[in-house]
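Student: Just so it is clear, I am handing over structure38.csv, which has CSV, C-alpha atoms.
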chain,number,residue,atom,x,y,z
A,66,MET,CA,6.3,12.0,-11.9
A,67,ASN,CA,2.6,11.3,-11.5
A,68,VAL,CA,0.6,11.0,-8.2
A,69,HIS,CA,-2.6,9.0,-8.0
A,70,GLN,CA,-4.8,9.7,-5.0
A,71,PHE,CA,-7.3,6.9,-4.2
A,72,SER,CA,-11.0,7.9,-3.8
A,73,THR,CA,-11.3,4.9,-1.4
A,74,PRO,CA,-8.1,4.0,0.5
A,75,ILE,CA,-6.8,0.5,-0.2
A,76,PRO,CA,-6.3,-1.8,2.8
A,77,VAL,CA,-2.7,-3.0,2.9
A,78,VAL,CA,-0.2,-5.0,5.0
A,79,THR,CA,3.3,-3.6,5.4
A,80,CYS,CA,6.6,-5.6,5.2
A,81,ASP,CA,6.7,-5.6,9.0
A,82,GLY,CA,3.2,-6.9,9.4
A,83,GLN,CA,1.3,-3.7,10.2
A,84,ASP,CA,-2.1,-3.0,8.8
A,85,GLY,CA,-2.8,0.3,7.1
A,86,TYR,CA,-4.6,2.1,4.3
A,87,ALA,CA,-2.8,3.3,1.1
A,88,LEU,CA,-3.9,6.9,0.5
A,89,TYR,CA,-1.9,7.7,-2.7
A,90,VAL,CA,0.9,6.4,-4.9
A,91,ARG,CA,3.7,8.3,-6.7
A,92,ASP,CA,4.9,6.9,-10.0
A,93,GLY,CA,8.6,6.1,-9.7
A,94,GLY,CA,9.2,6.0,-13.4
A,95,THR,CA,10.9,3.3,-15.4
A,96,PHE,CA,13.9,2.6,-13.2
A,97,GLU,CA,12.5,3.3,-9.7
A,98,ASN,CA,9.9,1.6,-7.5
A,99,ASP,CA,6.6,3.4,-6.9
A,100,VAL,CA,6.2,5.1,-3.5
A,101,TRP,CA,3.0,4.6,-1.5
A,102,CYS,CA,1.7,6.8,1.3
A,103,VAL,CA,0.1,4.6,4.0
A,104,ALA,CA,-1.8,5.6,7.1
A,105,LEU,CA,-1.1,2.9,9.7
A,106,CYS,CA,-4.0,1.6,11.7
A,107,ALA,CA,-2.0,1.6,14.9
A,108,GLY,CA,-1.6,5.2,15.8
A,109,GLY,CA,-2.5,6.7,12.4
A,110,HIS,CA,1.1,7.5,11.5
A,111,LEU,CA,1.8,8.2,7.8
A,112,ARG,CA,4.6,6.2,6.3
A,113,HIS,CA,6.0,5.8,2.8
A,114,TYR,CA,6.7,2.4,1.4
A,115,THR,CA,8.0,1.1,-2.0
A,116,THR,CA,5.9,-1.3,-4.0
A,117,VAL,CA,7.9,-4.4,-2.8
A,118,GLN,CA,7.2,-3.5,0.9
A,119,LEU,CA,3.4,-3.8,0.6
A,120,ARG,CA,0.8,-6.4,0.1
A,121,VAL,CA,-2.9,-5.9,-0.5
A,122,HIS,CA,-4.9,-7.0,2.6
A,123,GLN,CA,-6.7,-10.3,2.5
A,124,ASN,CA,-9.9,-9.9,0.5
A,125,MET,CA,-12.1,-12.9,-0.2
A,126,THR,CA,-14.1,-11.0,-2.9
A,127,PHE,CA,-11.0,-10.9,-5.1
A,128,ASP,CA,-9.7,-14.2,-3.8
A,129,ILE,CA,-6.6,-12.6,-2.2
A,130,ARG,CA,-5.6,-14.8,0.7
A,131,LYS,CA,-2.9,-14.5,3.4
A,132,SER,CA,0.2,-16.7,2.9
A,133,PRO,CA,0.3,-19.8,5.1
Starting from the file, give its structure as structure tokens.
Tutor:
Amino acid sequence: MNVHQFSTPIPVVTCDGQDGYALYVRDGGTFENDVWCVALCAGGHLRHYTTVQLRVHQNMTFDIRKSP
């Protein structure tokens, strides 16, 4: 199991539409999803999400856009 801590947190949107910042990710291995630690903008709560529960926040520099 490997853990990667980000030097600059990654802005993300959770599956329930909350904005947050990914602080680190834990490698789930071959047969499991990775687990992300996210600090939510509303209240600063720390939550863990799997890869399928997160999206990178809209970023026009990288042409990442919100779904219509």
Student: Within 9 Å of (-3.0, -5.6, 0.9) (file coordinates; all atoms listed in the file), which protein or nucleic acid residues are there? I'd like them as a VMD selection string.
Tutor: chain A and resid 75 to 79 84 to 87 119 to 124 129
Student: May I ask for the distance between CA of Phe96 in chain A and CA of Asn67 in chain A, given in Å to one decimal place?
Tutor: 14.4 Å
Student: Name the residues in contact with Asp99 in chain A at a cut-off of 12 Å, using only C-alpha atoms, excluding same-chain residues fewer than 6 positions from it; report them as a list of chain:residue names.
Tutor: A:Met66, A:Asn67, A:Val68, A:His69, A:Tyr89, A:Val90, A:Arg91, A:Asp92, A:Gly93, A:His113, A:Tyr114, A:Thr115, A:Thr116, A:Val117, A:Gln118, A:Leu119
Student: Go ahead and save the picked residues with C-alpha atoms, as a short mmCIF file (atom, residue, chain, number, x, y, z; two decimals), keeping the file's coordinate frame.
Tutor:
data_model
loop_
_atom_site.label_atom_id
_atom_site.label_comp_id
_atom_site.auth_asym_id
_atom_site.auth_seq_id
_atom_site.Cartn_x
_atom_site.Cartn_y
_atom_site.Cartn_z
CA MET A 66 6.30 12.00 -11.90
CA ASN A 67 2.60 11.30 -11.50
CA VAL A 68 0.60 11.00 -8.20
CA HIS A 69 -2.60 9.00 -8.00
CA TYR A 89 -1.90 7.70 -2.70
CA VAL A 90 0.90 6.40 -4.90
CA ARG A 91 3.70 8.30 -6.70
CA ASP A 92 4.90 6.90 -10.00
CA GLY A 93 8.60 6.10 -9.70
CA HIS A 113 6.00 5.80 2.80
CA TYR A 114 6.70 2.40 1.40
CA THR A 115 8.00 1.10 -2.00
CA THR A 116 5.90 -1.30 -4.00
CA VAL A 117 7.90 -4.40 -2.80
CA GLN A 118 7.20 -3.50 0.90
CA LEU A 119 3.40 -3.80 0.60
#
Student: By how many Å are CA of Leu105 in chain A and CA of Asp128 in chain A apart?
Tutor: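 About the pair CA of Leu105 in chain A and CA of Asp128 in chain A: they are 23.4 Å apart.
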Student: Quote the spacing between CA of Phe71 in chain A and CA of Asn98 in chain A in Å to one decimal place.
Tutor: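 Result for CA of Phe71 in chain A versus CA of Asn98 in chain A: 18.3 Å, one decimal.
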